[in-house]
Each structure stands twice: as C-alpha cells, then as structure tokens.
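Q: Contents of protein13.cif (mmCIF, C-alpha atoms):
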```
data_data
#
loop_
_atom_site.label_atom_id
_atom_site.label_comp_id
_atom_site.auth_asym_id
_atom_site.auth_seq_id
_atom_site.Cartn_x
_atom_site.Cartn_y
_atom_site.Cartn_z
CA MET A 151 -8.49 -28.40 13.73
CA THR A 152 -5.15 -26.78 12.99
CA LYS A 153 -5.04 -23.03 13.31
CA ALA A 154 -3.09 -21.00 10.79
CA ARG A 155 -1.95 -17.40 10.83
CA CYS A 156 -3.73 -15.38 8.18
CA GLY A 157 -3.11 -11.75 8.98
CA ARG A 158 -2.09 -9.06 11.39
CA ILE A 159 -4.69 -6.41 12.12
CA LEU A 160 -4.11 -3.51 14.49
CA ASP A 161 -1.03 -5.15 15.97
CA GLU A 162 -2.73 -8.47 16.61
CA ASP A 163 -1.81 -11.66 14.79
CA ILE A 164 -4.94 -13.36 13.52
CA TYR A 165 -5.28 -17.13 13.42
CA ILE A 166 -8.11 -19.11 11.89
CA GLU A 167 -8.92 -22.76 11.46
CA GLU A 168 -7.84 -24.26 8.14
CA GLY A 169 -10.68 -24.11 5.62
CA ASP A 170 -12.74 -21.56 7.54
CA THR A 171 -13.45 -19.33 4.55
CA THR A 172 -16.16 -17.35 6.31
CA THR A 173 -13.79 -16.03 8.96
CA LEU A 174 -11.08 -15.62 6.31
CA TYR A 175 -13.42 -13.36 4.30
CA PHE A 176 -13.82 -10.99 7.25
CA VAL A 177 -10.12 -11.07 8.11
CA ASN A 178 -9.08 -10.29 4.53
CA GLN A 179 -11.61 -7.48 4.30
CA LEU A 180 -10.14 -5.95 7.45
CA ARG A 181 -6.62 -6.41 6.11
CA ALA A 182 -7.72 -4.40 3.08
CA TYR A 183 -9.35 -1.66 5.16
CA GLN A 184 -6.12 -1.28 7.12
CA VAL A 185 -4.28 -0.43 3.88
CA VAL A 186 -7.11 1.66 2.42
CA LEU A 187 -7.48 3.80 5.54
CA ALA A 188 -3.74 4.46 5.61
CA ALA A 189 -3.94 5.58 1.97
CA LEU A 190 -6.95 7.81 2.70
CA LYS A 191 -5.11 9.39 5.63
CA ALA A 192 -2.26 10.23 3.22
CA LEU A 193 -4.83 11.73 0.83
CA ASP A 194 -6.20 13.87 3.63
CA GLN A 195 -2.82 15.67 3.56
CA ASP A 196 -3.28 16.30 -0.17
CA VAL A 197 -5.49 18.73 -2.11
CA CYS A 198 -8.11 15.96 -1.84
CA HIS A 199 -8.74 17.28 1.68
CA ASP A 200 -10.70 20.18 0.15
CA GLY A 201 -12.43 18.17 -2.56
CA CYS A 202 -15.50 15.96 -2.73
CA SER A 203 -14.03 12.61 -3.82
CA LEU A 204 -12.22 11.93 -0.57
CA PRO A 205 -15.32 12.68 1.58
CA SER A 206 -17.42 10.61 -0.80
CA THR A 207 -14.98 7.72 -0.54
CA VAL A 208 -14.86 8.06 3.24
CA GLY A 209 -18.67 7.88 3.25
CA LYS A 210 -18.51 4.67 1.22
CA VAL A 211 -15.90 3.20 3.55
CA ILE A 212 -18.07 3.97 6.58
CA LYS A 213 -21.13 2.47 4.90
CA ARG A 214 -19.26 -0.64 3.82
CA LEU A 215 -17.67 -1.09 7.25
CA GLY A 216 -21.15 -0.82 8.74
CA LYS A 217 -22.39 -3.52 6.40
CA LEU A 218 -19.36 -5.67 7.15
CA LYS A 219 -20.14 -5.30 10.86
CA ASN A 220 -23.76 -6.37 10.33
CA ASP A 221 -22.68 -9.30 8.17
CA LEU A 222 -20.14 -10.36 10.79
CA GLU A 223 -22.71 -10.15 13.58
CA ALA A 224 -25.10 -12.32 11.57
CA SER A 225 -22.41 -14.81 10.59
CA ASN A 226 -21.48 -18.14 12.13
CA VAL A 227 -17.98 -16.94 13.02
CA ALA A 228 -16.95 -18.28 16.46
CA ALA A 229 -18.07 -15.93 19.26
CA GLU A 230 -14.62 -15.03 20.60
CA LYS A 231 -13.24 -14.36 17.12
CA LYS A 232 -16.37 -12.42 16.23
CA GLU A 233 -15.92 -10.10 19.23
CA SER A 234 -12.29 -9.52 18.37
CA LEU A 235 -13.05 -8.69 14.72
CA LEU A 236 -16.03 -6.49 15.67
CA SER A 237 -13.79 -4.39 17.90
CA LYS A 238 -11.41 -3.95 14.98
CA ILE A 239 -14.26 -2.82 12.73
CA ASP A 240 -15.24 -0.29 15.41
CA SER A 241 -11.67 0.97 15.52
CA PHE A 242 -11.59 1.36 11.72
CA LEU A 243 -14.98 3.11 11.83
CA ALA A 244 -13.59 5.57 14.38
CA ASP A 245 -10.56 6.17 12.12
CA ALA A 246 -12.79 6.71 9.08
CA ASN A 247 -15.03 9.08 11.01
CA ARG A 248 -12.03 11.32 11.66
CA LEU A 249 -11.56 11.82 7.91
CA PRO A 250 -13.39 14.53 5.88
CA GLN A 251 -17.03 13.76 5.04
CA ASP A 252 -18.31 17.03 3.59
CA THR A 253 -19.26 16.09 0.03
CA SER A 254 -20.54 19.59 -0.78
CA GLN A 255 -17.00 20.78 -1.59
CA THR A 256 -15.91 21.21 -5.20
CA CYS A 257 -14.03 18.40 -6.91
CA ARG A 258 -10.37 19.46 -7.11
CA LYS A 259 -10.34 18.59 -10.81
CA SER A 260 -13.20 21.04 -11.42
CA ALA A 261 -11.34 23.56 -9.27
CA GLY A 262 -8.30 23.11 -11.50
CA GLU A 263 -6.06 21.91 -8.68
CA CYS A 264 -6.02 18.18 -9.44
CA ILE A 265 -4.37 17.61 -12.79
CA ILE A 266 -3.45 13.93 -12.65
CA GLY A 267 -5.69 13.09 -15.60
CA SER A 268 -8.92 11.13 -15.54
CA GLY A 269 -7.96 8.96 -12.56
CA CYS A 270 -8.81 9.65 -8.93
CA PHE A 271 -6.61 8.63 -6.01
CA ALA A 272 -9.53 8.30 -3.58
CA ALA A 273 -11.47 6.01 -5.90
CA GLY A 274 -8.28 4.07 -6.67
CA ALA A 275 -7.60 3.54 -2.97
CA LEU A 276 -11.15 2.29 -2.41
CA GLY A 277 -10.58 -0.28 -5.16
CA LEU A 278 -8.07 -2.04 -2.91
CA ILE A 279 -10.97 -3.43 -0.89
CA ASP A 280 -12.50 -5.18 -3.87
CA ILE A 281 -9.41 -7.15 -4.84
CA SER A 282 -9.35 -9.35 -1.76
CA GLU A 283 -10.56 -12.93 -1.75
CA PRO A 284 -12.53 -14.92 -0.83
CA LYS A 285 -15.62 -13.04 -1.90
CA ALA A 286 -18.49 -12.46 0.53
CA PRO A 287 -20.04 -15.72 1.76
CA LYS A 288 -23.58 -16.30 0.57
CA THR A 289 -26.11 -15.89 3.35
CA MET B 383 9.33 18.95 -17.71
CA ASN B 384 7.14 21.52 -16.05
CA THR B 385 6.40 21.62 -12.33
CA GLU B 386 2.94 20.08 -12.79
CA ILE B 387 4.48 16.76 -13.74
CA PHE B 388 6.57 16.75 -10.57
CA GLU B 389 3.60 17.79 -8.46
CA ASN B 390 1.51 14.92 -9.83
CA GLN B 391 4.26 12.37 -9.31
CA ILE B 392 4.81 13.57 -5.75
CA ARG B 393 1.09 13.30 -5.02
CA GLY B 394 1.10 9.75 -6.37
CA LEU B 395 4.19 8.75 -4.41
CA ASN B 396 2.64 10.14 -1.24
CA ILE B 397 -0.48 8.01 -1.48
CA VAL B 398 1.57 4.94 -2.36
CA ARG B 399 3.75 5.64 0.68
CA GLY B 400 0.63 5.93 2.84
CA ALA B 401 -0.80 2.64 1.58
CA LEU B 402 2.55 0.88 2.09
CA GLN B 403 2.71 2.19 5.64
CA GLY B 404 -0.69 0.58 6.20
CA ALA B 405 0.62 -2.68 4.75
CA ALA B 406 3.71 -2.46 6.97
CA GLY B 407 1.40 -2.81 9.99
CA GLU B 408 0.21 -6.05 8.48
CA ILE B 409 1.81 -9.45 7.83
CA CYS B 410 3.20 -7.74 4.70
CA LYS B 411 5.90 -6.42 7.07
CA SER B 412 7.65 -9.80 6.68
CA CYS B 413 6.94 -10.07 2.96
CA ILE B 414 9.33 -9.72 0.04
CA GLY B 415 6.45 -7.92 -1.71
CA LEU B 416 6.71 -5.01 0.71
CA GLU B 417 10.51 -5.19 0.71
CA GLY B 418 10.44 -4.83 -3.10
CA ALA B 419 7.84 -2.09 -3.00
CA LYS B 420 9.94 -0.16 -0.50
CA THR B 421 12.91 -0.34 -2.87
CA LYS B 422 10.69 0.62 -5.81
CA LEU B 423 9.27 3.63 -3.97
CA GLY B 424 12.78 4.78 -3.06
CA LYS B 425 13.95 4.36 -6.66
CA MET B 426 10.95 6.24 -8.06
CA ALA B 427 11.64 9.11 -5.66
CA LYS B 428 15.34 9.09 -6.55
CA LYS B 429 14.61 9.13 -10.29
CA LEU B 430 12.14 11.95 -9.81
CA GLY B 431 14.83 13.90 -7.97
CA MET B 432 17.28 13.33 -10.82
CA ASP B 433 14.69 14.39 -13.39
CA LEU B 434 14.05 17.49 -11.32
CA GLN B 435 17.73 18.40 -11.23
CA ALA B 436 17.93 18.00 -15.00
CA ALA B 437 14.73 19.96 -15.60
CA GLU B 438 14.68 23.57 -16.64
CA ILE B 439 12.77 25.25 -13.87
CA CYS B 440 13.63 28.90 -13.77
CA CYS B 441 12.66 29.54 -10.14
CA GLU B 442 15.29 27.97 -7.89
CA LYS B 443 13.05 28.39 -4.86
CA THR B 444 10.33 26.34 -6.53
CA LYS B 445 12.85 23.70 -7.53
CA ALA B 446 14.22 23.52 -4.00
CA GLY B 447 10.71 23.18 -2.60
CA ILE B 448 9.92 20.28 -4.91
CA GLN B 449 13.24 18.63 -4.09
CA ALA B 450 12.51 18.91 -0.37
CA ARG B 451 9.20 17.11 -0.86
CA ILE B 452 10.87 14.37 -2.89
CA ASP B 453 13.54 14.02 -0.19
CA SER B 454 10.79 13.68 2.41
CA ILE B 455 9.22 10.81 0.44
CA SER B 456 12.65 9.13 0.10
CA LYS B 457 13.16 9.43 3.83
CA THR B 458 9.79 7.96 4.74
CA ALA B 459 10.33 5.19 2.17
CA GLU B 460 13.57 4.29 3.94
CA GLU B 461 11.77 4.32 7.27
CA LEU B 462 9.11 1.84 6.15
CA GLU B 463 9.35 -1.01 8.62
CA VAL B 464 10.23 -4.26 6.91
CA ALA B 465 11.43 -7.37 8.72
CA GLU B 466 15.10 -8.28 8.37
CA GLU B 467 14.25 -11.64 6.86
CA CYS B 468 11.37 -11.55 4.42
CA GLU B 469 9.64 -14.18 2.38
CA CYS B 470 6.47 -14.04 0.33
CA GLN B 471 3.68 -14.47 2.86
CA LYS B 472 1.60 -16.41 0.35
CA THR B 473 4.44 -18.93 0.01
CA ALA B 474 4.76 -18.98 3.80
CA GLY B 475 1.06 -19.85 3.98
CA ASN B 476 0.12 -16.75 5.96
CA CYS B 477 -1.41 -14.60 3.22
CA LYS B 478 -4.62 -16.13 1.92
CA LEU B 479 -5.77 -13.25 -0.24
CA GLY B 480 -5.90 -15.21 -3.46
CA GLU B 481 -3.77 -14.20 -6.41
CA VAL B 482 -3.76 -10.51 -5.63
CA CYS B 483 -1.35 -8.55 -3.47
CA PHE B 484 -2.15 -5.38 -1.52
CA VAL B 485 1.39 -4.09 -1.91
CA ASN B 486 1.43 -4.46 -5.70
CA ALA B 487 -2.01 -2.87 -5.88
CA ALA B 488 -0.71 0.04 -3.80
CA ILE B 489 2.24 0.55 -6.17
CA ASP B 490 -0.21 0.43 -9.09
CA LEU B 491 -1.90 3.56 -7.72
CA MET B 492 0.95 5.42 -9.46
CA LYS B 493 -0.66 4.41 -12.77
CA LEU B 494 -3.44 6.87 -11.99
CA VAL B 495 -0.98 9.69 -12.63
CA LYS B 496 -0.99 10.64 -16.31
#
```
I need this file expressed as structure tokens, please.

A:
Amino acid sequence: MTKARCGRILDEDIYIEEGDTTTLYFVNQLRAYQVVLAALKALDQDVCHDGCSLPSTVGKVIKRLGKLKNDLEASNVAAEKKESLLSKIDSFLADANRLPQDTSQTCRKSAGECIIGSGCFAAGALGLIDISEPKAPKT
Amino acid sequence: MNTEIFENQIRGLNIVRGALQGAAGEICKSCIGLEGAKTKLGKMAKKLGMDLQAAEICCEKTKAGIQARIDSISKTAEELEVAEECECQKTAGNCKLGEVCFVNAAIDLMKLVK
C-alpha cells in the first residue's frame, strides 16, 4: 500500500495508507485540536481568562480528547501509528490542562467586559473541531 | 468610532492570530491558504490602524495604547512562519480534511465580532 502524507502534528509529519479513513479521522481530529488549542491559548491572554466560557470550553476539549483517546485505543489503527497518535493526544491533554478550568467565574459578557455581541470566541474556536472530515468511524 | 470597536477588533485579531500560529505548525505552513490568511491578517491590522488614526479619540494616551496593540498584531502576523513556496495542500494531496479549511475557519472567527 502506498503511504501518503496527511498532516503534521507536533512537528512530526504523519503518513497513512491510501484509503485508511479510520486513521485519517484521528489524524484530522488532532490537526484540528492543534489549531483549537493555539486559539484557546490566545484567549487565555484575553478577558476570557477571567470568565466562564473559556474554562467551560477547556473542559469540553479535555473531555473530547479523552473520548478520542478511548476511541483510538479501541480502534483497528495499526499499533505503531496508534502509539504515536496516543502520545500526541496526551501532549494535547497536558496543554489543555494548563488552561483555566474554573467555571464558577462570571461570564465576561455578564460582567460587562466582553462586548463583541452575541458571539463567543471560546465557543467559536471549539467549532473548528467539528468541521473536519471524515466523521467519526462507526464502531 | 469609539474605543470599544477597536478593542473588539483587536480581541478578534488576536484569537485569529493564535489559531493561525497553530496552523503554521501544521502542513498549512506550506499552504497558500495560510499565506493568504497571513496577508489578510496584516491588512486587517493595517486598516484598523488607519481607522484609529482617523478616529476622534480625545485621549492621546488611549489612542497610542490601542495603536501599540495593533502594531503588535501586525508584527506577529508578519512573523507567522509560511514556507517560501506554497501551494494548496488539498491540491498537493496532503490535506484530506474534506471541503473545509482550518485557516479559512480561523479567519471567520472575526465574524463573531459585531
């Protein structure tokens, strides 16, 4: 089987076999998390740092990464590739865990500090994960 | 224009910059999508700076502070690492995301600013 490059995650070029949509799903999810986490780190420098939406989003990212890890472990992805991708999930989980998670803080809109309108940067950033394809393989 | 508009735009540009930095660590580094987004981010920051200069903001210190933040975004936009020779990574067969594009989605985060 021919191997094709399909991403670069944490400074490592990722190659998969043509037509391997299961592995591609996990790779593309991790590609998305790489962008989302960078956006959330930028938000942590914003007023969002003291709000509740960023911590709530971080909580969702951690939960979803945990699920992705479980799904990957249970998948039929080749062992060596699986180990490599699992270590990347662990690295992203460590990154996410360094971001704020205290959801008891007041929303910055309610506090009058966030006046961008009805939108929310944290929720918008999280949406980047959902745009990637292929969708989750059926188990 | 009041300062709130500038504050909101700066906040938006900052998160877009962050997301693009994430994409720059990806195969997007060699993609015309990121190259275009880098230019777009720089242009948005430049236009915001021009709007600021034309705006009636009575406190010069406030105006200078906002300008400094815009300049910082412009600088980091310029520093975004993009390969010298770029081509769409979908066309090159490397990006298998489907029809969507992380970089375009990152730029669209600016639409959240009303």

Q: Skipping near chain neighbours, those fewer than 6 positions away, what residues fall within 8 Å of stretch 174-190 of chain A using only C-alpha atoms, listed as a ChimeraX atom specification?

A: /A:156-160,164,166,204,208,218,222,235,238-239,242,245-246,272,275-276,278-279,282-287 /B:397-405,408,478-479,484

Q: Considering all atoms listed in the file, can you say which of A:Ser268, A:Thr173, A:Tyr165, A:Lys153 comes closest to A:Glu223?

A: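 Residue with the minimum atom-to-atom distance to A:Glu223: A:Thr173.
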
Q: So which residues get picked by the PyMOL selection byres ((chain B) within 12 of (chain A)) here, written as a ChimeraX atom specification?

A: /B:385-413,455,471-472,474-496

Q: At what distance in Å, to one decimal, does atom CA of A:Glu167 lie from atom CA of A:Asn226?

A: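 So the two atoms, atom CA of A:Asn226 and atom CA of A:Glu167, lie 13.4 Å apart.
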
Q: Atom CA of B:Lys420 and atom CA of B:Leu462, how far apart in Å?

A: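 The value is 7.0 Å.
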
Q: Report, in Å with one decimal, the straight-line distance from atom CA of A:Ser241 to atom CA of B:Glu460.

A: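 Value for the atom CA of A:Ser241-atom CA of B:Glu460 distance: 28.0 Å.
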
Q: Starting from the PyMOL selection byres ((chain B and resi 433-435) around 8), expand the selection into actual residues of this file and give them as an MDAnalysis selection string.

A: chainID B and resid 388 429:432 436:437 445 449
